[in-house]
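Novice: Quick one: this structure, given as structure tokens, is what I'll be asking you about.
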Amino acid sequence: MKVKLFGNLRQKAGESEFVAPGATIREALESLCADNEPLRTAIFAGAELQPHVRVMVNGRDCELANGLATAVSPQDTIAIFPPIAGG
Amino acid sequence: MQGWAGNILDINLTSGQIETVPLDRDMARLFLGGRGLGARLLWDLVGPEVEPLSPENVLIFTTGPITASASQTSNRFNVSTKSPLTGTILHANSGGWWGMQFKRTGYDALIVRGKAASPVMIEITPAGVAIKDAAHLWGKGVFETTVALEQNRNKRNVLCIGPAGENRVRIAAIMNDKERSLARGGAGAVMGSKNLKAIVVEGLEKNKPADPDQFKFMLYETGKLLKASPLTSQALPEFGTAVVMNVVNEIGALPTRNFQQSQFEGADKISGEEITDTILVKNQACWACPITCTRITQTKSGKEGEGPEFESAWAFGAQCGIDDLDAITEANYQCNDLGLDTISMGNTIGCAMELAERGLLANDLGFGRADRLPGLIHDTAFRQGIGDDLAEGSYRLASKHGAPELSMSVKKLELPAYDPRGMQGQGLVFATGNRGACHETGNMLGPEVLALPRLIDRFATQGKAGIVSVHQNSAAVIDSLVYCKFANMAVAEEFFARTLTAVTGEHFTADDLMMVGERVWTLERLYNLREGFSKEDDTLPARLLHEPVPAGPSEGFTVKLAPMLEEYYAFRGWDKNGVPKPEKLKELSLEFVMEVVHD
């Protein structure tokens with residue numbers, strides 16, 4: 001599925017969009033972070049997300065679904081935001 | 001001074017009288033300063049019989065007890081008046097250096113009354129206070145005026161209006177330190193109606209804390225928190241406020257083409273990320289601020305200036321169907337120089353675009369016409385051609401052309417960059433805003449999108465009233481202290497209370513501060529009720545209440561306002577008509593309004 005990165009995650013990943021495999025958000029993110037330790041560190045704190053990192057599936061925050069265990073399909077779009085603020 | 005200087009400068013431009021009156025300390029303790037003090041003074045000075053652009057309206061510039069103390073972000077200040085755009089109470093606040101410098105002149109507030117016979121400026125320096133001729137400045141832009149009056153960042157600071165304010169454009173801003181703004185609601189037009197071009201300040205006094213050791217400790221602790229938070233130490237410095245463009249778009253809450261859609265295909269091209277990658281020159285900080293969120297930018301044509309912030313990038317971007325970042329940025333610079341509120345300007349242009357595309361406005365304007373921005377903005381400031389209509393704001397523009405429902409405004413203040421059909425709580429914020437549709441007075445971006453402090457379901461309606469109320473109260477007290485709301489992303493009200501205690505020598509708790517916030521909010525509400533506003537005005541544009549979002553993550557949603565409003569009135573201790581009950585007025589020490597509200 002499509003994975004979109006925002007903020008400083010783009011510099012860490014080298015791109016702003018990827019196609020990643022996985023049946024859950026966790027699997028997709030693990031795939032994304034394989035061989036990219038700076039990106040992994042920016043997204044994960046151990047097995048969980050870093051504070052203030054938000055992950056959305058089709059525009060809905062995964063926290064309101066099943067968190068990182070939320071099931072995803074190839075038609076879905078995952079968006080990952082680092083800590084951001086503004087308004 | 002320790003917190004409060006104890007003085008209010010009162011200037012009558014009609015008579016030329018200049019006097020200093022003492023600050024009522026009981027009033028100061030109840031309302032602190034900034035927005036709170038401004039509201040309290042305005043209650044006494046400007047009643048329902050006063051037309052906003054008449055000499056009887058006043059401008060009240062207020063600082064807070066922590067202003068110029070060197071506490072982090074203690075640079076901000078407030079202006080209060082009756083709005084010529086909405087007719088409601090108006091408060092607006094700004095950063096930079098002017099507020100700090102004004103405090104250093106030894107005053108907590110400046111009241112400007114009447115109208116000068118010809119253009120004047122006010123100068124407040126160690127030599128005294130003077131009203132001086134400003135005919136040679138009238139007609140000049142903000143940038144030229146600021147230079148002419150010898151702006152010198154830490155020593156001499158200029159606040160002024162541009163041609164928009166001079167021409168009483170209802171969406172005119174007051175600008176300070178060249179590109180900071182008291183933007184919303186048309187305070188610039190009030191200043192122009194008084195023939196007041198500028199206020200220049202130079203001060204020598206210091207806001208020394210009553211308890212220097214405790215103050216130093218709080219400075220250190222607050223600094224640690226700001227540095228530890230990724231929001232204030234990374235996100236805002238690195239990408240500025242426009243970094244939220246993509247997340248608001250991703251969830252389907254970015255108003256597009258006058259709120260006809262809620263996602264913009266060009267969002268990434270006008271985002272904080274794009275600004276950083278392409279046009280950013282450097283960051284800049286306001287006085288005593290470690291966050292450094294201001295963007296200094298330069299476009300391909302070589303023009304340089306501040307911004308655009310998120311709201312400005314949205315207003316000339318998604319709202320107008322424009323994804324040309326250079327065009328948006330130069331529109332922002334132009335508004336700063338002419339002295340215009342970018343949110344209202346861009347929103348109103350978007351409204352005009354839809355009117356034109358629907359054949360209701362005879363003009364070849366349409367969404368995406370970036371080439372039209374410079375001319376429209378210029379003509380608005382100078383009230384020329386269609387600009388004379390735009391100068392009246394979107395509601396009067398749309399009404400004139402037979403479609404008031406196409407104005408995306410509340411109480412005639414244009415909505416900012418959030419489609420509340422994708423954020424129900426934000427809809428309640430906009431509908432109940434005392435100065436109209438305003439995100440600054442209780443932004444639900446935190447809880448509904450960024451999980452600050454916790455994530456709540458943005459589509460839920462039950463329970464939103466309490467969270468909105470707390471946010472509104474918190475924003476009101478921050479605006480009264482006067483701190484920057486970005487500091488609140490890392491620093492809780494408890495810290496503000498302890499710093500305030502250290503500065504003033506008077507004991508305040510976080511609960512005290514939240515009480516101040518509720519008091520200020522409620523007084524503003526009462527002011528509007530006295531003006532004739534009612535629960536019928538606590539509403540949203542028909543599009544947001546009745547037209548479902550056509551596509552995207554918020555597809556199918558409208559704002560379910562009625563149940564949220566009912567819950568809100570009850571939570572606030574107001575009756576079913578949205579009038580604060582007598583017991584609530586007593587609780588908030590607002591008995592002085594009782595006769596007016598409950599006769």
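In the structure tokens, chains take letters A, B, ... by order of appearance, with residues numbered from 1 within each chain and ligands from 1 in the order shown.
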At a cut-off of 9 Å, which residues of chain B touch chain A? Count only C-alpha atoms and give the answer as an MDAnalysis selection string.
Specialist: chainID B and resid 230:232 234:236 238:247 249:252 272:273 309:311 417 439:440 443 445:446 449:452 455:457 486 489 552:554
Novice: Could the residues in this selection be written to a file with N, CA and C atoms, as a CSV table (one decimal), in the first residue's frame?
Specialist:
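Output contents, as saved in again_37.csv:
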chain,number,residue,atom,x,y,z
B,230,PRO,N,9.4,18.1,21.5
B,230,PRO,CA,9.7,18.1,20.0
B,230,PRO,C,8.8,19.1,19.3
B,231,LEU,N,7.7,19.5,19.9
B,231,LEU,CA,6.8,20.5,19.2
B,231,LEU,C,7.4,21.9,19.1
B,232,THR,N,8.0,22.3,20.3
B,232,THR,CA,8.5,23.6,20.3
B,232,THR,C,10.0,23.7,20.0
B,234,GLN,N,11.6,21.3,17.8
B,234,GLN,CA,11.9,20.8,16.4
B,234,GLN,C,10.8,21.2,15.4
B,235,ALA,N,9.6,20.9,15.7
B,235,ALA,CA,8.5,21.0,14.6
B,235,ALA,C,8.3,22.5,14.2
B,236,LEU,N,8.1,23.3,15.2
B,236,LEU,CA,7.8,24.7,14.9
B,236,LEU,C,9.1,25.4,14.3
B,238,GLU,N,11.6,24.1,12.7
B,238,GLU,CA,12.1,23.5,11.5
B,238,GLU,C,11.1,23.8,10.3
B,239,PHE,N,9.8,23.8,10.6
B,239,PHE,CA,8.9,23.9,9.5
B,239,PHE,C,7.8,25.0,9.6
B,240,GLY,N,7.8,25.7,10.8
B,240,GLY,CA,6.9,26.8,10.9
B,240,GLY,C,5.4,26.2,11.0
B,241,THR,N,4.5,27.2,11.1
B,241,THR,CA,3.1,26.8,11.4
B,241,THR,C,2.5,26.0,10.2
B,242,ALA,N,3.0,26.3,9.0
B,242,ALA,CA,2.4,25.6,7.8
B,242,ALA,C,2.6,24.1,7.7
B,243,VAL,N,3.4,23.6,8.7
B,243,VAL,CA,3.6,22.2,8.7
B,243,VAL,C,2.3,21.4,9.0
B,244,VAL,N,1.3,22.1,9.5
B,244,VAL,CA,0.0,21.4,9.7
B,244,VAL,C,-0.9,21.3,8.4
B,245,MET,N,-0.4,22.0,7.4
B,245,MET,CA,-1.2,21.9,6.1
B,245,MET,C,-1.5,20.5,5.7
B,246,ASN,N,-0.5,19.7,5.7
B,246,ASN,CA,-0.7,18.3,5.2
B,246,ASN,C,-1.5,17.4,6.1
B,247,VAL,N,-1.4,17.6,7.4
B,247,VAL,CA,-2.2,16.7,8.3
B,247,VAL,C,-3.7,17.1,8.2
B,249,ASN,N,-5.1,18.4,5.7
B,249,ASN,CA,-5.6,18.0,4.4
B,249,ASN,C,-5.8,16.5,4.4
B,250,GLU,N,-4.9,15.8,5.0
B,250,GLU,CA,-4.9,14.3,5.0
B,250,GLU,C,-6.2,13.8,5.7
B,251,ILE,N,-6.7,14.5,6.7
B,251,ILE,CA,-7.9,14.0,7.4
B,251,ILE,C,-9.2,14.5,6.7
B,252,GLY,N,-9.0,15.3,5.7
B,252,GLY,CA,-10.2,15.8,5.0
B,252,GLY,C,-10.8,17.0,5.7
B,272,GLY,N,4.3,23.5,5.0
B,272,GLY,CA,5.5,23.9,5.7
B,272,GLY,C,6.7,23.2,5.1
B,273,GLU,N,6.6,21.9,4.7
B,273,GLU,CA,7.7,21.2,4.1
B,273,GLU,C,8.2,21.9,2.9
B,309,GLU,N,2.5,32.2,7.1
B,309,GLU,CA,2.0,31.2,8.1
B,309,GLU,C,1.0,30.3,7.5
B,310,PHE,N,0.6,29.3,8.3
B,310,PHE,CA,-0.3,28.3,7.8
B,310,PHE,C,-1.6,28.9,7.3
B,311,GLU,N,-2.2,29.8,8.1
B,311,GLU,CA,-3.5,30.4,7.8
B,311,GLU,C,-3.4,31.2,6.5
B,417,ALA,N,-8.7,28.2,8.5
B,417,ALA,CA,-8.3,27.0,7.7
B,417,ALA,C,-8.7,25.6,8.2
B,439,HIS,N,-10.0,30.5,15.2
B,439,HIS,CA,-9.4,29.3,15.7
B,439,HIS,C,-8.5,29.6,16.9
B,440,GLU,N,-8.1,30.9,17.0
B,440,GLU,CA,-7.1,31.2,18.1
B,440,GLU,C,-7.7,31.2,19.5
B,443,ASN,N,-8.6,26.5,19.7
B,443,ASN,CA,-8.3,25.6,18.6
B,443,ASN,C,-8.4,24.1,19.0
B,445,LEU,N,-7.6,21.7,17.0
B,445,LEU,CA,-6.6,21.0,16.3
B,445,LEU,C,-5.8,20.0,17.2
B,446,GLY,N,-5.5,20.5,18.4
B,446,GLY,CA,-4.8,19.7,19.3
B,446,GLY,C,-5.5,18.4,19.6
B,449,VAL,N,-7.0,16.3,16.3
B,449,VAL,CA,-6.1,15.8,15.2
B,449,VAL,C,-4.7,15.4,15.7
B,450,LEU,N,-4.1,16.2,16.5
B,450,LEU,CA,-2.7,16.0,16.9
B,450,LEU,C,-2.5,15.2,18.2
B,451,ALA,N,-3.6,14.9,18.8
B,451,ALA,CA,-3.6,14.1,20.1
B,451,ALA,C,-2.9,14.9,21.2
B,452,LEU,N,-3.1,16.2,21.2
B,452,LEU,CA,-2.6,17.1,22.2
B,452,LEU,C,-3.7,17.6,23.1
B,455,LEU,N,-6.0,12.2,22.0
B,455,LEU,CA,-6.8,12.2,20.8
B,455,LEU,C,-8.3,11.9,21.2
B,456,ILE,N,-9.1,12.7,20.6
B,456,ILE,CA,-10.6,12.5,20.7
B,456,ILE,C,-11.1,12.3,19.3
B,457,ASP,N,-12.2,11.6,19.2
B,457,ASP,CA,-12.8,11.4,17.8
B,457,ASP,C,-13.3,12.7,17.2
B,486,PHE,N,1.9,29.0,21.6
B,486,PHE,CA,2.8,27.9,21.3
B,486,PHE,C,3.6,27.5,22.5
B,489,MET,N,2.1,24.6,24.4
B,489,MET,CA,2.2,23.3,23.8
B,489,MET,C,3.2,22.5,24.7
B,552,GLY,N,-13.6,12.2,0.2
B,552,GLY,CA,-12.4,12.2,1.1
B,552,GLY,C,-12.8,11.6,2.5
B,553,PRO,N,-11.8,11.7,3.4
B,553,PRO,CA,-12.0,11.0,4.7
B,553,PRO,C,-13.2,11.6,5.5
B,554,SER,N,-13.6,12.8,5.2
B,554,SER,CA,-14.8,13.4,5.9
B,554,SER,C,-16.1,13.3,5.1
Novice: Go through segment 114-319 of chain B and collect every residue that DSSP, computed from the backbone, puts in strand (DSSP E); the answer should be as a tab-separated table (two decimals) with C-alpha atoms, in the first residue's frame.
Specialist:
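Written out: part_12.tsv:
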chain	number	residue	atom	x	y	z
B	120	VAL	CA	-1.24	62.09	13.38
B	121	MET	CA	1.08	59.68	15.13
B	122	ILE	CA	1.68	59.14	18.84
B	123	GLU	CA	5.21	58.97	20.17
B	124	ILE	CA	5.93	57.62	23.66
B	125	THR	CA	9.56	57.99	24.70
B	128	GLY	CA	7.37	62.18	27.17
B	129	VAL	CA	4.21	61.51	25.21
B	130	ALA	CA	3.47	63.55	22.09
B	131	ILE	CA	0.87	63.66	19.34
B	132	LYS	CA	2.69	64.60	16.15
B	133	ASP	CA	1.70	65.42	12.62
B	157	ASN	CA	9.34	50.07	17.82
B	158	VAL	CA	6.72	51.09	15.33
B	159	LEU	CA	3.08	50.12	15.20
B	160	CYS	CA	1.14	51.46	12.23
B	174	ILE	CA	-2.79	46.99	12.59
B	175	MET	CA	0.84	46.02	11.98
B	176	ASN	CA	3.82	46.20	14.32
B	180	ARG	CA	3.69	41.29	12.88
B	181	SER	CA	-0.04	41.83	12.93
B	182	LEU	CA	-3.08	42.53	15.04
B	196	LEU	CA	-4.02	57.75	13.63
B	197	LYS	CA	-1.21	56.47	11.43
B	198	ALA	CA	1.32	55.15	13.92
B	199	ILE	CA	2.34	54.70	17.54
B	200	VAL	CA	6.07	54.68	18.22
B	201	VAL	CA	7.48	53.54	21.53
B	280	LEU	CA	12.95	29.65	3.46
B	281	VAL	CA	15.90	31.95	4.11
B	282	LYS	CA	16.06	31.69	7.89
B	283	ASN	CA	14.04	31.51	11.09
B	284	GLN	CA	13.29	34.47	13.25
B	294	THR	CA	8.76	32.88	12.15
B	295	ARG	CA	9.80	32.21	8.56
B	296	ILE	CA	11.90	34.72	6.64
B	297	THR	CA	11.39	33.77	3.02
B	298	GLN	CA	12.35	34.86	-0.45
B	304	GLU	CA	11.82	38.86	0.74
B	305	GLY	CA	9.65	39.04	3.84
B	306	GLU	CA	8.00	37.14	6.66
Novice: Between atom CA of Leu325 of chain B and atom CA of Ile270 of chain B, what distance in Å does the model show, to one decimal?
Specialist: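 Interatomic distance, atom CA of Leu325 of chain B to atom CA of Ile270 of chain B: 5.5 Å.
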Novice: What does the structure give for the distance between atom CA of Pro163 of chain B and atom CA of Ala285 of chain B, in Å to one decimal?
Specialist: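 It comes out at 27.1 Å.
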Novice: Can you pull out every residue within 9 Å of segment 27-32 of chain A, counting only C-alpha atoms, but drop anything in the same chain fewer than 6 positions away, and send it as a PDB file with N, CA and C atoms, in the first residue's frame?
Specialist:
ATOM      1  N   MET A   1       0.841  -1.184   0.000  1.00  0.00           N
ATOM      2  CA  MET A   1       0.000   0.000   0.000  1.00  0.00           C
ATOM      3  C   MET A   1       0.878   1.236   0.000  1.00  0.00           C
ATOM      4  N   VAL A   3       2.471   4.512   1.340  1.00  0.00           N
ATOM      5  CA  VAL A   3       2.825   5.086   2.635  1.00  0.00           C
ATOM      6  C   VAL A   3       3.375   6.483   2.372  1.00  0.00           C
ATOM      7  N   ALA A  13      13.902   9.418   5.371  1.00  0.00           N
ATOM      8  CA  ALA A  13      13.593   8.305   4.468  1.00  0.00           C
ATOM      9  C   ALA A  13      14.191   8.520   3.091  1.00  0.00           C
ATOM     10  N   PHE A  18       6.190   5.938  -0.431  1.00  0.00           N
ATOM     11  CA  PHE A  18       6.678   4.583  -0.670  1.00  0.00           C
ATOM     12  C   PHE A  18       5.496   3.667  -0.946  1.00  0.00           C
ATOM     13  N   VAL A  19       5.838   2.507  -1.470  1.00  0.00           N
ATOM     14  CA  VAL A  19       4.878   1.407  -1.499  1.00  0.00           C
ATOM     15  C   VAL A  19       5.446   0.332  -0.575  1.00  0.00           C
ATOM     16  N   ALA A  20       4.656  -0.057   0.393  1.00  0.00           N
ATOM     17  CA  ALA A  20       5.168  -1.018   1.393  1.00  0.00           C
ATOM     18  C   ALA A  20       4.193  -2.175   1.523  1.00  0.00           C
ATOM     19  N   PRO A  21       4.718  -3.365   1.760  1.00  0.00           N
ATOM     20  CA  PRO A  21       3.833  -4.517   1.994  1.00  0.00           C
ATOM     21  C   PRO A  21       3.434  -4.587   3.461  1.00  0.00           C
ATOM     22  N   LEU A  39      15.266   6.395  10.489  1.00  0.00           N
ATOM     23  CA  LEU A  39      13.823   6.454  10.303  1.00  0.00           C
ATOM     24  C   LEU A  39      13.125   5.639  11.394  1.00  0.00           C
ATOM     25  N   ARG A  40      13.669   4.487  11.684  1.00  0.00           N
ATOM     26  CA  ARG A  40      13.080   3.649  12.744  1.00  0.00           C
ATOM     27  C   ARG A  40      13.064   4.400  14.069  1.00  0.00           C
ATOM     28  N   ILE A  43      10.392   7.019  14.251  1.00  0.00           N
ATOM     29  CA  ILE A  43       8.999   6.557  14.302  1.00  0.00           C
ATOM     30  C   ILE A  43       8.713   5.750  15.568  1.00  0.00           C
ATOM     31  N   LEU A  68      -1.330   0.049  16.078  1.00  0.00           N
ATOM     32  CA  LEU A  68      -0.409  -0.491  15.087  1.00  0.00           C
ATOM     33  C   LEU A  68      -0.870  -1.870  14.578  1.00  0.00           C
ATOM     34  N   ALA A  69      -1.799  -2.485  15.260  1.00  0.00           N
ATOM     35  CA  ALA A  69      -2.320  -3.779  14.812  1.00  0.00           C
ATOM     36  C   ALA A  69      -3.474  -3.621  13.831  1.00  0.00           C
ATOM     37  N   VAL A  72      -4.625  -3.504   7.327  1.00  0.00           N
ATOM     38  CA  VAL A  72      -4.607  -2.656   6.137  1.00  0.00           C
ATOM     39  C   VAL A  72      -4.621  -3.525   4.888  1.00  0.00           C
ATOM     40  N   ILE A  78      -1.459   4.873   4.015  1.00  0.00           N
ATOM     41  CA  ILE A  78      -0.979   5.163   5.369  1.00  0.00           C
ATOM     42  C   ILE A  78      -0.232   6.492   5.314  1.00  0.00           C
TER      43      ILE A  78
END
Novice: Could you tell me which of B:Gly350, B:Pro119, B:Gly402, B:Gly393 comes closest to Arg372 of chain B if we count only C-alpha atoms?
Specialist: B:Gly350
Novice: Determine which residues of chain A DSSP labels as alpha helix (DSSP H) from the backbone of this structure, then write them out as a PDB file with N, CA and C atoms, in the first residue's frame.
Specialist:
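Output below, filename selection14.pdb:
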ATOM      1  N   LEU A   9      10.446  13.339   8.557  1.00  0.00           N
ATOM      2  CA  LEU A   9      10.542  11.922   8.180  1.00  0.00           C
ATOM      3  C   LEU A   9      10.961  11.788   6.721  1.00  0.00           C
ATOM      4  N   ARG A  10      10.640  12.792   5.928  1.00  0.00           N
ATOM      5  CA  ARG A  10      11.005  12.727   4.509  1.00  0.00           C
ATOM      6  C   ARG A  10      12.526  12.737   4.338  1.00  0.00           C
ATOM      7  N   GLN A  11      13.177  13.599   5.095  1.00  0.00           N
ATOM      8  CA  GLN A  11      14.647  13.635   4.979  1.00  0.00           C
ATOM      9  C   GLN A  11      15.243  12.323   5.454  1.00  0.00           C
ATOM     10  N   LYS A  12      14.672  11.770   6.505  1.00  0.00           N
ATOM     11  CA  LYS A  12      15.234  10.523   7.053  1.00  0.00           C
ATOM     12  C   LYS A  12      15.008   9.361   6.097  1.00  0.00           C
ATOM     13  N   ALA A  13      13.902   9.418   5.371  1.00  0.00           N
ATOM     14  CA  ALA A  13      13.593   8.305   4.468  1.00  0.00           C
ATOM     15  C   ALA A  13      14.191   8.520   3.091  1.00  0.00           C
ATOM     16  N   ILE A  25      -0.609  -2.210  10.041  1.00  0.00           N
ATOM     17  CA  ILE A  25       0.214  -0.981  10.033  1.00  0.00           C
ATOM     18  C   ILE A  25       1.619  -1.299  10.527  1.00  0.00           C
ATOM     19  N   ARG A  26       1.705  -2.101  11.582  1.00  0.00           N
ATOM     20  CA  ARG A  26       3.018  -2.420  12.128  1.00  0.00           C
ATOM     21  C   ARG A  26       3.900  -3.068  11.077  1.00  0.00           C
ATOM     22  N   GLU A  27       3.330  -4.016  10.327  1.00  0.00           N
ATOM     23  CA  GLU A  27       4.125  -4.710   9.314  1.00  0.00           C
ATOM     24  C   GLU A  27       4.585  -3.732   8.244  1.00  0.00           C
ATOM     25  N   ALA A  28       3.695  -2.835   7.847  1.00  0.00           N
ATOM     26  CA  ALA A  28       4.061  -1.863   6.814  1.00  0.00           C
ATOM     27  C   ALA A  28       5.184  -0.946   7.305  1.00  0.00           C
ATOM     28  N   LEU A  29       5.084  -0.496   8.544  1.00  0.00           N
ATOM     29  CA  LEU A  29       6.101   0.393   9.085  1.00  0.00           C
ATOM     30  C   LEU A  29       7.430  -0.323   9.278  1.00  0.00           C
ATOM     31  N   GLU A  30       7.339  -1.590   9.717  1.00  0.00           N
ATOM     32  CA  GLU A  30       8.574  -2.358   9.889  1.00  0.00           C
ATOM     33  C   GLU A  30       9.280  -2.515   8.546  1.00  0.00           C
ATOM     34  N   SER A  31       8.494  -2.758   7.546  1.00  0.00           N
ATOM     35  CA  SER A  31       9.066  -2.902   6.211  1.00  0.00           C
ATOM     36  C   SER A  31       9.734  -1.604   5.769  1.00  0.00           C
ATOM     37  N   LEU A  32       9.083  -0.515   6.069  1.00  0.00           N
ATOM     38  CA  LEU A  32       9.590   0.806   5.690  1.00  0.00           C
ATOM     39  C   LEU A  32      10.921   1.104   6.377  1.00  0.00           C
ATOM     40  N   CYS A  33      10.999   0.680   7.646  1.00  0.00           N
ATOM     41  CA  CYS A  33      12.163   1.032   8.469  1.00  0.00           C
ATOM     42  C   CYS A  33      13.298   0.032   8.379  1.00  0.00           C
ATOM     43  N   GLU A  37      17.843   2.870  10.131  1.00  0.00           N
ATOM     44  CA  GLU A  37      17.777   3.051  11.579  1.00  0.00           C
ATOM     45  C   GLU A  37      17.342   4.453  11.982  1.00  0.00           C
ATOM     46  N   PRO A  38      17.820   5.526  11.293  1.00  0.00           N
ATOM     47  CA  PRO A  38      17.331   6.862  11.666  1.00  0.00           C
ATOM     48  C   PRO A  38      15.820   6.994  11.525  1.00  0.00           C
ATOM     49  N   LEU A  39      15.266   6.395  10.489  1.00  0.00           N
ATOM     50  CA  LEU A  39      13.823   6.454  10.303  1.00  0.00           C
ATOM     51  C   LEU A  39      13.125   5.639  11.394  1.00  0.00           C
ATOM     52  N   ARG A  40      13.669   4.487  11.684  1.00  0.00           N
ATOM     53  CA  ARG A  40      13.080   3.649  12.744  1.00  0.00           C
ATOM     54  C   ARG A  40      13.064   4.400  14.069  1.00  0.00           C
ATOM     55  N   THR A  41      14.159   5.038  14.384  1.00  0.00           N
ATOM     56  CA  THR A  41      14.258   5.762  15.656  1.00  0.00           C
ATOM     57  C   THR A  41      13.292   6.934  15.702  1.00  0.00           C
ATOM     58  N   ALA A  42      13.054   7.538  14.551  1.00  0.00           N
ATOM     59  CA  ALA A  42      12.135   8.674  14.512  1.00  0.00           C
ATOM     60  C   ALA A  42      10.696   8.232  14.700  1.00  0.00           C
ATOM     61  N   ILE A  43      10.392   7.019  14.251  1.00  0.00           N
ATOM     62  CA  ILE A  43       8.999   6.557  14.302  1.00  0.00           C
ATOM     63  C   ILE A  43       8.713   5.750  15.568  1.00  0.00           C
TER      64      ILE A  43
END
Novice: When distances are computed from only C-alpha atoms, which of A:Lys2, A:Val55, A:Ala45, A:Gln50 shows the smallest separation from Pro74 of chain A?
Specialist: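 Ranking A:Lys2, A:Val55, A:Ala45, A:Gln50 by distance to Pro74 of chain A, first place goes to A:Lys2.
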